[in-house]
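The structure file protein22.cif is reproduced below (mmCIF, C-alpha atoms).
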```
data_work
#
loop_
_atom_site.label_atom_id
_atom_site.label_comp_id
_atom_site.auth_asym_id
_atom_site.auth_seq_id
_atom_site.Cartn_x
_atom_site.Cartn_y
_atom_site.Cartn_z
CA MET A 13 119.90 100.68 80.58
CA THR A 14 117.41 103.48 79.99
CA LEU A 15 114.63 101.35 81.44
CA SER A 16 116.77 100.51 84.44
CA ILE A 17 117.44 104.14 85.40
CA LEU A 18 113.75 104.86 84.78
CA HIS A 19 112.90 102.17 87.33
CA ARG A 20 114.88 104.08 89.93
CA ALA A 21 113.56 107.47 88.89
CA THR A 22 109.92 106.36 88.95
CA GLY A 23 110.57 104.57 92.24
CA VAL A 24 111.90 107.69 93.95
CA PHE A 25 109.06 109.72 92.41
CA LEU A 26 106.52 107.20 93.74
CA SER A 27 107.98 107.74 97.22
CA LEU A 28 106.51 111.23 96.92
CA GLY A 29 103.24 109.57 95.95
CA LEU A 30 103.45 107.61 99.19
CA VAL A 31 103.64 110.91 101.09
CA LEU A 32 100.45 112.01 99.28
CA LEU A 33 98.74 108.70 100.08
CA VAL A 34 99.55 108.94 103.78
CA ALA A 35 98.54 112.64 103.86
CA TRP A 36 95.24 111.63 102.27
CA LEU A 37 94.65 108.89 104.90
CA ALA A 38 95.64 111.23 107.73
CA SER A 39 93.26 113.93 106.47
CA LEU A 40 90.44 111.38 106.38
CA ALA A 41 91.24 110.34 109.94
CA ALA A 42 91.55 113.94 111.12
CA GLY A 43 88.03 114.87 110.08
CA GLU A 44 85.90 116.56 107.46
CA GLN A 45 87.68 119.93 107.53
CA ALA A 46 91.14 118.43 107.18
CA HIS A 47 89.89 116.30 104.31
CA ALA A 48 88.39 119.37 102.61
CA SER A 49 91.77 121.12 102.87
CA PHE A 50 93.53 118.09 101.47
CA THR A 51 91.04 117.85 98.59
CA ALA A 52 91.54 121.54 97.78
CA PHE A 53 95.30 120.94 97.71
CA ALA A 54 95.10 117.68 95.75
CA THR A 55 92.74 119.07 93.12
CA SER A 56 94.88 122.13 92.38
CA TRP A 57 96.32 121.78 88.90
CA PRO A 58 100.02 121.37 89.82
CA VAL A 59 99.15 118.48 92.13
CA GLN A 60 96.81 117.01 89.53
CA VAL A 61 99.69 117.01 87.05
CA LEU A 62 101.90 115.31 89.66
CA VAL A 63 99.20 112.72 90.36
CA GLY A 64 98.85 112.04 86.63
CA LEU A 65 102.62 111.52 86.35
CA MET A 66 102.53 109.31 89.45
CA LEU A 67 99.87 107.10 87.87
CA ILE A 68 102.04 106.70 84.75
CA SER A 69 105.10 106.04 86.94
CA PHE A 70 103.13 103.46 88.89
CA CYS A 71 102.17 101.57 85.71
CA TYR A 72 105.79 101.58 84.54
CA HIS A 73 107.34 100.69 87.89
CA LEU A 74 104.84 97.85 88.34
CA ALA A 75 105.45 96.35 84.90
CA ASN A 76 109.22 96.71 85.05
CA GLY A 77 109.12 95.40 88.64
CA VAL A 78 107.50 92.21 87.39
CA ARG A 79 110.33 91.99 84.85
CA HIS A 80 112.85 92.22 87.68
CA LEU A 81 111.02 89.54 89.69
CA VAL A 82 111.11 87.20 86.68
CA TRP A 83 114.83 87.91 86.28
CA ASP A 84 115.30 87.05 89.96
CA LEU A 85 113.89 83.62 89.17
CA GLY A 86 116.70 83.27 86.64
CA ARG A 87 114.41 83.50 83.63
CA GLY A 88 114.34 85.86 80.67
CA LEU A 89 117.96 86.89 81.06
CA GLU A 90 119.01 86.22 77.44
CA ARG A 91 119.57 89.43 75.54
CA HIS A 92 116.76 88.90 73.03
CA GLN A 93 114.37 87.95 75.87
CA ALA A 94 115.31 91.06 77.86
CA ARG A 95 114.74 93.22 74.78
CA ALA A 96 111.33 91.66 74.17
CA SER A 97 110.25 92.05 77.80
CA GLY A 98 111.51 95.65 77.72
CA ARG A 99 109.26 96.36 74.75
CA ALA A 100 106.38 94.63 76.53
CA VAL A 101 106.90 96.88 79.56
CA VAL A 102 106.75 99.99 77.38
CA VAL A 103 103.59 98.79 75.60
CA PHE A 104 101.94 97.87 78.90
CA THR A 105 102.84 101.25 80.40
CA VAL A 106 101.34 103.16 77.48
CA LEU A 107 98.11 101.13 77.41
CA ALA A 108 97.59 100.87 81.18
CA SER A 109 98.41 104.57 81.70
CA ALA A 110 95.92 105.55 79.00
CA VAL A 111 93.15 103.52 80.64
CA VAL A 112 93.95 104.64 84.19
CA LEU A 113 94.33 108.32 83.28
CA TYR A 114 91.11 108.24 81.29
CA LEU A 115 89.17 106.63 84.15
CA ALA A 116 90.74 108.90 86.77
CA PHE A 117 90.40 112.26 85.05
CA PHE A 118 87.66 112.03 82.43
CA HIS A 119 85.32 109.37 83.66
CA GLY A 120 83.57 110.93 86.62
CA GLY A 121 85.57 111.79 89.72
CA ARG A 122 89.11 112.86 90.26
CA PRO A 123 91.92 110.60 91.45
CA MET B 258 134.91 82.21 113.03
CA SER B 259 134.21 78.57 113.77
CA ASN B 260 132.95 76.26 111.08
CA ALA B 261 129.59 75.95 112.78
CA ALA B 262 129.15 79.71 112.88
CA ASN B 263 130.23 79.88 109.27
CA ALA B 264 127.67 77.28 108.26
CA LEU B 265 124.98 79.08 110.24
CA THR B 266 125.83 82.33 108.54
CA ARG B 267 125.47 80.63 105.19
CA VAL B 268 122.10 79.15 106.10
CA LEU B 269 120.87 82.52 107.31
CA GLY B 270 121.97 84.07 104.03
CA LEU B 271 124.25 86.65 105.59
CA GLY B 272 126.98 87.97 103.32
CA SER B 273 129.93 90.07 104.39
CA ALA B 274 127.58 93.03 104.86
CA HIS B 275 125.45 90.87 107.21
CA GLU B 276 122.16 92.22 105.90
CA GLY B 277 122.33 92.27 102.13
CA ALA B 278 120.24 89.16 101.64
CA HIS B 279 117.63 90.37 104.07
CA HIS B 280 117.41 93.69 102.22
CA TRP B 281 117.10 91.84 98.92
CA ARG B 282 114.45 89.45 100.16
CA THR B 283 112.37 92.14 101.85
CA GLN B 284 112.49 94.29 98.72
CA ARG B 285 111.05 91.40 96.67
CA LEU B 286 108.49 90.35 99.25
CA THR B 287 107.11 93.89 99.59
CA ALA B 288 107.18 94.20 95.78
CA LEU B 289 104.93 91.15 95.57
CA ALA B 290 102.51 92.61 98.12
CA LEU B 291 102.40 95.94 96.26
CA LEU B 292 101.92 94.18 92.93
CA LEU B 293 98.59 92.94 94.28
CA LEU B 294 97.56 95.74 96.63
CA GLY B 295 98.54 98.70 94.41
CA PRO B 296 96.13 97.81 91.58
CA TRP B 297 93.54 96.82 94.21
CA LEU B 298 93.59 100.32 95.73
CA LEU B 299 93.55 101.99 92.32
CA VAL B 300 90.60 99.94 91.03
CA SER B 301 88.71 100.26 94.32
CA LEU B 302 88.97 104.06 94.29
CA LEU B 303 87.95 104.21 90.62
CA LEU B 304 84.89 102.07 91.37
CA LEU B 305 83.65 104.29 94.21
CA PRO B 306 80.53 106.29 93.29
CA ASP B 307 82.22 109.50 94.48
CA LEU B 308 85.22 110.63 96.52
CA SER B 309 83.29 112.53 99.19
CA PHE B 310 84.37 112.47 102.83
CA ALA B 311 81.51 110.18 103.88
CA THR B 312 82.08 107.69 101.05
CA LEU B 313 85.83 107.51 101.59
CA ARG B 314 85.54 107.27 105.35
CA ALA B 315 83.09 104.40 105.08
CA TRP B 316 85.26 102.65 102.51
CA VAL B 317 88.54 102.96 104.43
CA GLY B 318 86.77 102.03 107.68
CA GLY B 319 85.55 98.66 106.37
CA LEU B 320 87.24 95.72 108.09
CA VAL B 321 88.67 94.10 104.95
CA ASN B 322 89.61 97.41 103.30
CA ALA B 323 91.30 98.68 106.45
CA SER B 324 93.27 95.44 106.83
CA LEU B 325 94.46 95.47 103.24
CA LEU B 326 95.27 99.19 103.46
CA LEU B 327 97.35 98.52 106.57
CA ILE B 328 99.40 95.93 104.73
CA LEU B 329 99.64 98.22 101.71
CA VAL B 330 100.93 101.20 103.72
CA VAL B 331 103.46 99.14 105.66
CA ALA B 332 104.68 97.32 102.52
CA ALA B 333 104.86 100.59 100.55
CA CYS B 334 106.82 102.39 103.30
CA TRP B 335 109.20 99.47 103.66
CA HIS B 336 109.67 99.04 99.89
CA SER B 337 110.14 102.77 99.42
CA GLN B 338 112.66 103.03 102.26
CA LEU B 339 114.71 100.14 100.84
CA GLY B 340 114.57 101.57 97.31
CA VAL B 341 115.58 105.10 98.26
CA GLN B 342 118.35 103.58 100.40
CA VAL B 343 119.80 101.79 97.36
CA VAL B 344 119.67 105.00 95.31
CA ALA B 345 121.33 106.99 98.11
CA GLU B 346 124.02 104.33 98.55
CA ASP B 347 124.73 104.27 94.82
CA TYR B 348 124.86 107.99 94.09
CA THR B 349 126.14 109.66 97.26
CA ARG B 350 129.04 109.16 99.64
CA GLY B 351 130.50 110.37 102.92
CA ALA B 352 128.49 112.66 105.17
CA THR B 353 125.81 113.29 102.54
CA ARG B 354 125.13 109.58 102.36
CA ILE B 355 124.87 109.17 106.12
CA VAL B 356 122.52 112.15 106.46
CA LEU B 357 120.36 110.89 103.57
CA LEU B 358 120.18 107.35 104.95
CA ILE B 359 119.13 108.57 108.40
CA ALA B 360 116.61 111.04 106.96
CA ASN B 361 115.29 108.29 104.68
CA ALA B 362 114.70 105.91 107.57
CA PHE B 363 113.22 108.65 109.74
CA VAL B 364 110.76 109.94 107.12
CA HIS B 365 109.57 106.44 106.21
CA ILE B 366 109.06 105.45 109.84
CA VAL B 367 107.00 108.61 110.40
CA LEU B 368 104.98 107.89 107.24
CA ALA B 369 104.31 104.31 108.33
CA ALA B 370 103.27 105.35 111.84
CA LEU B 371 101.00 108.13 110.57
CA GLY B 372 99.46 105.91 107.91
CA VAL B 373 98.85 102.98 110.25
CA LEU B 374 97.38 105.17 113.01
CA SER B 375 95.11 106.96 110.53
CA ILE B 376 93.73 103.68 109.18
CA LEU B 377 93.25 102.28 112.70
CA ARG B 378 91.42 105.43 113.73
CA LEU B 379 89.09 105.15 110.75
CA ALA B 380 88.55 101.41 111.25
CA LEU B 381 87.97 101.59 114.99
CA GLY B 382 85.91 104.77 114.79
CA ALA B 383 87.94 106.56 117.45
#
```
Give the structure from this file in structure tokens form.
Amino acid sequence: MTLSILHRATGVFLSLGLVLLVAWLASLAAGEQAHASFTAFATSWPVQVLVGLMLISFCYHLANGVRHLVWDLGRGLERHQARASGRAVVVFTVLASAVVLYLAFFHGGRP
Amino acid sequence: MSNAANALTRVLGLGSAHEGAHHWRTQRLTALALLLLGPWLLVSLLLLPDLSFATLRAWVGGLVNASLLLILVVAACWHSQLGVQVVAEDYTRGATRIVLLIANAFVHIVLAALGVLSILRLALGA
């Protein structure tokens, strides 16, 4: 239940990430100055916080999305299976987010 | 409705809403594409030596990268539009719902067009 509403919340939040992604591509296509403006915007701390949250949301939405795809195949629908896969999603999200955030923010460049 | 039309409808997977199955299928198909292309983009960007204008431009402009990015942007816009649509349909009603659904479609079409054109421009060097 909680995980299900989180899937929607992270999904809608990631739609904002899509706006950022397209803005990033458009700034690259528009030229060096536009890209510099975008970089200045994207590296400001509020946007960096948003990007960090988007990376976590992406890890969660991806893992829970796989869970939904498996359910669509008619598998893993028993209550104990759904509980186990729910726990797996949470563990994956924590581990994957830790790795991605570390690589993005502390290991060289910015996301 | 004749029996033949009924049978055809069943084969085409149309329910009473006439597009539910298509919505469902597209949502899953784009999910599958994003499952592969999302991590690909993330890892690719993390592996770049730096995120300077020149580096990024060269990376996005590559034939394979540009092709995959095109699919990624289209799949992401489509998936996002379908997802937000479900949320809007579930939590709003009446005029609010109609306005949200139209705005949702409009914004995502603009995003897709802008994204696709940007990638094409970078790939074709225009």
Per residue of chain B within 6 Å of chain A, record the nearest atom pair and its distance in Å to one decimal, counting only C-alpha atoms, with rows in chain order and ascending residue number, as CSV.
```
residue,atom,partner,partner_atom,distance
B:Ser337,CA,A:Ser27,CA,5.8
B:Gly372,CA,A:Val34,CA,5.1
B:Ser375,CA,A:Ala38,CA,5.1
B:Leu379,CA,A:Ala41,CA,5.7
```
Any chance you can output those residues with C-alpha atoms as a CSV table (one decimal), keeping the file's coordinate frame?
```
chain,number,residue,atom,x,y,z
B,337,SER,CA,110.1,102.8,99.4
B,372,GLY,CA,99.5,105.9,107.9
B,375,SER,CA,95.1,107.0,110.5
B,379,LEU,CA,89.1,105.2,110.8
```
Problem set entry | One-decimal distance in Å that lies between atom CA of B:Leu289 and atom CA of A:Ala110 |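 These atoms are spaced 23.7 Å apart.
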For this session: Quote the spacing between atom CA of A:Ala100 and atom CA of A:Leu15 in Å to one decimal place.
Result: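 These two atoms are separated by 11.7 Å.
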Would you compute an axis-aligned box for stretch 81-89 of chain A, covering every atom listed for it in the file with 4 Å of margin on each side, and report centre and edge lengths in Å to one decimal as AutoDock Vina command-line options?
```
--center_x 114.5 --center_y 86.4 --center_z 85.3 --size_x 14.9 --size_y 14.3 --size_z 17.3
```
Name every residue that the PyMOL selection byres ((chain B and resi 366) around 12) selects in this structure, writing the answer as a JSON list (two decimals) with C-alpha atoms, in the coordinates of the input with chains first and numbers rising.
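Writing done, so here's out-v2.json:
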```json
[["chain", "number", "residue", "atom", "x", "y", "z"],
["A", 31, "VAL", "CA", 103.64, 110.91, 101.09],
["A", 34, "VAL", "CA", 99.55, 108.94, 103.78],
["B", 330, "VAL", "CA", 100.93, 101.20, 103.72],
["B", 331, "VAL", "CA", 103.46, 99.14, 105.66],
["B", 332, "ALA", "CA", 104.68, 97.32, 102.52],
["B", 333, "ALA", "CA", 104.86, 100.59, 100.55],
["B", 334, "CYS", "CA", 106.82, 102.39, 103.30],
["B", 335, "TRP", "CA", 109.20, 99.47, 103.66],
["B", 336, "HIS", "CA", 109.67, 99.04, 99.89],
["B", 337, "SER", "CA", 110.14, 102.77, 99.42],
["B", 338, "GLN", "CA", 112.66, 103.03, 102.26],
["B", 339, "LEU", "CA", 114.71, 100.14, 100.84],
["B", 359, "ILE", "CA", 119.13, 108.57, 108.40],
["B", 360, "ALA", "CA", 116.61, 111.04, 106.96],
["B", 361, "ASN", "CA", 115.29, 108.29, 104.68],
["B", 362, "ALA", "CA", 114.70, 105.91, 107.57],
["B", 363, "PHE", "CA", 113.22, 108.65, 109.74],
["B", 364, "VAL", "CA", 110.76, 109.94, 107.12],
["B", 365, "HIS", "CA", 109.57, 106.44, 106.21],
["B", 367, "VAL", "CA", 107.00, 108.61, 110.40],
["B", 368, "LEU", "CA", 104.98, 107.89, 107.24],
["B", 369, "ALA", "CA", 104.31, 104.31, 108.33],
["B", 370, "ALA", "CA", 103.27, 105.35, 111.84],
["B", 371, "LEU", "CA", 101.00, 108.13, 110.57],
["B", 372, "GLY", "CA", 99.46, 105.91, 107.91],
["B", 373, "VAL", "CA", 98.85, 102.98, 110.25]]
```
Exercise. Written as a PyMOL selection string, what is the full residue list that the PyMOL selection byres ((chain A and resi 102) around 12) yields on the file shown?
Worked result: chain A and resi 14-15+18-19+68-69+71-76+79+95-101+103-109
For this session: Report the distance between atom CA of A:Ile17 and atom CA of B:Leu358 in Å, rounded to one decimal place.
Result: 20.0 Å
Please reconstruct the missing atoms of stretch 66-96 of chain A (target: N, CA and C atoms) and return them as a tab-separated table (two decimals), keeping the file's coordinate frame.
```
chain	number	residue	atom	x	y	z
A	66	MET	N	102.35	110.42	88.51
A	66	MET	CA	102.53	109.31	89.45
A	66	MET	C	101.80	108.06	88.97
A	67	LEU	N	100.62	108.26	88.38
A	67	LEU	CA	99.87	107.10	87.87
A	67	LEU	C	100.65	106.43	86.73
A	68	ILE	N	101.23	107.26	85.84
A	68	ILE	CA	102.04	106.70	84.75
A	68	ILE	C	103.26	105.98	85.33
A	69	SER	N	103.92	106.64	86.30
A	69	SER	CA	105.10	106.04	86.94
A	69	SER	C	104.75	104.72	87.59
A	70	PHE	N	103.56	104.69	88.21
A	70	PHE	CA	103.13	103.46	88.89
A	70	PHE	C	103.00	102.31	87.88
A	71	CYS	N	102.36	102.60	86.74
A	71	CYS	CA	102.17	101.57	85.71
A	71	CYS	C	103.53	101.05	85.24
A	72	TYR	N	104.46	101.98	85.00
A	72	TYR	CA	105.79	101.58	84.54
A	72	TYR	C	106.54	100.77	85.58
A	73	HIS	N	106.57	101.32	86.81
A	73	HIS	CA	107.34	100.69	87.89
A	73	HIS	C	106.80	99.29	88.19
A	74	LEU	N	105.47	99.15	88.11
A	74	LEU	CA	104.84	97.85	88.34
A	74	LEU	C	105.25	96.85	87.26
A	75	ALA	N	105.13	97.27	85.99
A	75	ALA	CA	105.45	96.35	84.90
A	75	ALA	C	106.93	95.99	84.90
A	76	ASN	N	107.79	96.99	85.06
A	76	ASN	CA	109.22	96.71	85.05
A	76	ASN	C	109.63	95.93	86.31
A	77	GLY	N	108.87	96.15	87.41
A	77	GLY	CA	109.12	95.40	88.64
A	77	GLY	C	108.87	93.91	88.43
A	78	VAL	N	107.80	93.61	87.70
A	78	VAL	CA	107.50	92.21	87.39
A	78	VAL	C	108.66	91.61	86.58
A	79	ARG	N	109.19	92.42	85.66
A	79	ARG	CA	110.33	91.99	84.85
A	79	ARG	C	111.52	91.63	85.75
A	80	HIS	N	111.75	92.49	86.75
A	80	HIS	CA	112.85	92.22	87.68
A	80	HIS	C	112.60	90.94	88.48
A	81	LEU	N	111.33	90.74	88.91
A	81	LEU	CA	111.02	89.54	89.69
A	81	LEU	C	111.25	88.29	88.85
A	82	VAL	N	110.89	88.35	87.57
A	82	VAL	CA	111.11	87.20	86.68
A	82	VAL	C	112.62	86.96	86.52
A	83	TRP	N	113.37	88.05	86.37
A	83	TRP	CA	114.83	87.91	86.28
A	83	TRP	C	115.40	87.25	87.53
A	84	ASP	N	114.82	87.61	88.69
A	84	ASP	CA	115.30	87.05	89.96
A	84	ASP	C	115.12	85.54	90.00
A	85	LEU	N	114.13	85.06	89.23
A	85	LEU	CA	113.89	83.62	89.17
A	85	LEU	C	114.86	82.96	88.18
A	86	GLY	N	115.71	83.79	87.57
A	86	GLY	CA	116.70	83.27	86.64
A	86	GLY	C	116.16	83.06	85.25
A	87	ARG	N	115.01	83.66	84.96
A	87	ARG	CA	114.41	83.50	83.63
A	87	ARG	C	114.44	84.82	82.85
A	88	GLY	N	114.42	84.68	81.53
A	88	GLY	CA	114.34	85.86	80.67
A	88	GLY	C	115.59	86.70	80.63
A	89	LEU	N	116.73	86.10	80.96
A	89	LEU	CA	117.96	86.89	81.06
A	89	LEU	C	118.72	86.99	79.74
A	90	GLU	N	118.36	86.13	78.76
A	90	GLU	CA	119.01	86.22	77.44
A	90	GLU	C	118.73	87.60	76.85
A	91	ARG	N	119.70	88.08	76.06
A	91	ARG	CA	119.57	89.43	75.54
A	91	ARG	C	118.28	89.65	74.75
A	92	HIS	N	117.96	88.69	73.85
A	92	HIS	CA	116.76	88.90	73.03
A	92	HIS	C	115.49	88.85	73.89
A	93	GLN	N	115.53	88.02	74.97
A	93	GLN	CA	114.37	87.95	75.87
A	93	GLN	C	114.21	89.27	76.63
A	94	ALA	N	115.35	89.80	77.10
A	94	ALA	CA	115.31	91.06	77.86
A	94	ALA	C	114.81	92.19	76.99
A	95	ARG	N	115.21	92.18	75.71
A	95	ARG	CA	114.74	93.22	74.78
A	95	ARG	C	113.22	93.12	74.60
A	96	ALA	N	112.77	91.88	74.39
A	96	ALA	CA	111.33	91.66	74.17
A	96	ALA	C	110.53	92.08	75.40
```
